[in-house]
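So the structure is just underneath, and the comments pick up after that.
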Amino acid sequence: MIDSNGYIMSADRQVARIENGLVIDVDQKFAPLHFINGKDFTSWLEGRAIDSHRANSRLLKKVLRLANRDDASTALAVNAVTITDNYWFKSDDENLTWNEVKFNENVFDNLALKGDPDSFNQKPSRTPELTNIGSFEKCWRLIDGKWWMYKSGNDNQIFSELFICHLGHALGFNMADYEYDNGYVKTKDFTDGRVNFEPICSVMGDNEDYSDSFDYFMTLSKDIAVDYLKMLYLDSVCYNMDRHTNNYGLLRNIETGEILSLAPNYDNNIALIANGYPSDVSRKKDGLLKFFFEFLDNNSEAKKLFNSFDISIITKEMLTECIDKIPVKVDSEFVINFILNGQKRIKDK
């Protein structure tokens, strides 16, 4: 346990007190959902730290001369500040403001993304890479005053991320925008400093059960539950094996603490053909479709709501248009048949 004294801050507002590493006096309106749901300080820090298994994470910690390289200490090295929310930790011996701790530059983007050796010539400085979570090599870049996430991957992973983004938009779903850029995918920070992103693990922990998440979202609003069902539908059609409680969540109003909506659908690079072409193009034995069907069969409220809204029919022409937007060559016939067969199984259910 991290034995610290100070405050969890939301910009310059104190929202929870930390004493000897223990959380006390939580502001139920403005504190991170992690603390509102009674979770501890150390796990909050650990959940904000760069994945220590990434090769470039080790290089980054070395160039920054981090003495303590465990996850909690790594996050604390930058006061646990991230790009996608305005929460941070202010210890009792610090006299800092939000403007002083939030990130205004990043000179270690190339080191985090591709292990650039020239980065070792840079002096240590505050970088958002220490709190840039996820298993893929990635980085934040500030371009014309906006933060962009760049992420690496093989051709199939890059194609899958871009294709699902385009297909989701074609269906009218709430999607994060992804673009191709010189061998990487990039996406603009969808919070833009205007809202706070809260990963659903702050509420659900590691619980990935569809029904449990749906039931929670229904307590918030029907619109959020609908967007969740649309995300699950797209995950099922596009064979997203990697939806977990750290890669979807909620957006909150910074000024009021109000939960506004489900965050845009993002992080689809371990879907579709990312890890190779599935052997069953017919989708007759598809495990992810089975999970989706079982969820709807066992949750009558979710099934009724899912059947109540119209989802546009995915057509061959729609899929071809999505594929043609992506400068990565794939087996287009397989992708089209795989998606259409998945849609058919859901429609026939």
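By order of appearance in the structure tokens: chains A, B, ..., then residues from 1 within every chain, and ligands from 1 in the order shown.
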
Original post:
If you count only C-alpha atoms, which residues fall within 7 Å of region 143-148 of chain A, apart from same-chain ones fewer than 2 positions away, as number ranges by chain?
Top reply: A: 140-141, 150, 186-189

**OP:** Find the spatial neighbours of Leu319 (chain A), counting only C-alpha atoms, within a cut-off of 12 Å - ignore same-chain residues fewer than 6 positions away - and output them as number ranges by chain.
**Re:** A: 163-171, 238, 313, 325-326, 332-340

Original post:
What lies within 12 Å of Asp223 (chain A) using only C-alpha atoms, ignoring chain neighbours under 2 positions off, as a PyMOL selection string?
Top reply: chain A and resi 174+214+217-221+225-230+259-263+305-306+309

**OP:** Please give the complete set of residues from region 57-217 of chain A that DSSP, run on the backbone, assigns to alpha helix (DSSP H), formatted as number ranges by chain.
**Re:** A: 57-63, 71-76, 98-101, 109-114, 155-170, 201-204, 210-217

May I have the selected residues written with C-alpha atoms, as a compact mmCIF listing (two decimals), in the first residue's frame?
```txt
# COMPACT_ATOMS: atom_id res chain seq x y z
CA SER A 57 7.69 1.34 -20.82
CA ARG A 58 10.96 0.05 -19.43
CA LEU A 59 12.93 2.41 -21.66
CA LEU A 60 10.77 5.33 -20.59
CA LYS A 61 11.27 4.64 -16.89
CA LYS A 62 15.00 4.37 -17.47
CA VAL A 63 15.33 7.67 -19.31
CA ASP A 71 2.84 0.85 -11.03
CA ALA A 72 1.66 3.04 -8.16
CA SER A 73 5.00 4.88 -7.89
CA THR A 74 5.09 5.32 -11.67
CA ALA A 75 1.74 7.11 -11.65
CA LEU A 76 2.75 9.22 -8.66
CA TRP A 98 -3.94 22.05 -11.83
CA ASN A 99 -2.32 24.38 -14.36
CA GLU A 100 1.08 23.39 -13.01
CA VAL A 101 0.57 19.63 -13.13
CA ASP A 109 6.34 10.42 -27.69
CA ASN A 110 8.76 8.71 -30.06
CA LEU A 111 10.35 6.73 -27.26
CA ALA A 112 6.96 5.47 -26.05
CA LEU A 113 5.72 4.67 -29.54
CA LYS A 114 8.76 3.16 -31.22
CA ASP A 155 -1.51 -4.57 -40.68
CA ASN A 156 -4.44 -6.75 -39.57
CA GLN A 157 -4.74 -4.91 -36.26
CA ILE A 158 -4.58 -1.52 -37.93
CA PHE A 159 -7.16 -2.57 -40.50
CA SER A 160 -9.52 -3.92 -37.85
CA GLU A 161 -9.35 -0.72 -35.78
CA LEU A 162 -10.03 1.49 -38.79
CA PHE A 163 -12.66 -0.75 -40.35
CA ILE A 164 -14.75 -1.01 -37.18
CA CYS A 165 -14.54 2.76 -36.74
CA HIS A 166 -15.86 3.29 -40.27
CA LEU A 167 -18.56 0.63 -39.95
CA GLY A 168 -19.73 2.03 -36.62
CA HIS A 169 -20.03 5.48 -38.14
CA ALA A 170 -21.93 4.05 -41.12
CA CYS A 201 -13.73 -0.85 -14.09
CA SER A 202 -14.24 1.98 -11.59
CA VAL A 203 -17.68 0.48 -11.02
CA MET A 204 -17.50 -3.13 -12.22
CA TYR A 210 -22.87 -8.23 -19.99
CA SER A 211 -25.98 -8.34 -17.80
CA ASP A 212 -24.32 -6.81 -14.78
CA SER A 213 -23.04 -3.88 -16.82
CA PHE A 214 -26.36 -3.43 -18.62
CA ASP A 215 -28.27 -3.43 -15.34
CA TYR A 216 -25.95 -0.77 -13.95
CA PHE A 217 -26.32 1.39 -17.05
```

**OP:** Within 6 Å of Asn5 (chain A), counting only C-alpha atoms, which residues show up once you throw out same-chain ones fewer than 3 positions away? Write them as a VMD selection string, please.
**Re:** chain A and resid 18 to 20 91 to 92

**OP:** Counting only C-alpha atoms, figure out which residue out of A:Gly205, A:Ala67, A:Asn104, A:Ser52 gets nearest to Asn37 (chain A).
**Re:**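 Comparing A:Gly205, A:Ala67, A:Asn104, A:Ser52 against Asn37 (chain A), the winner is A:Gly205.
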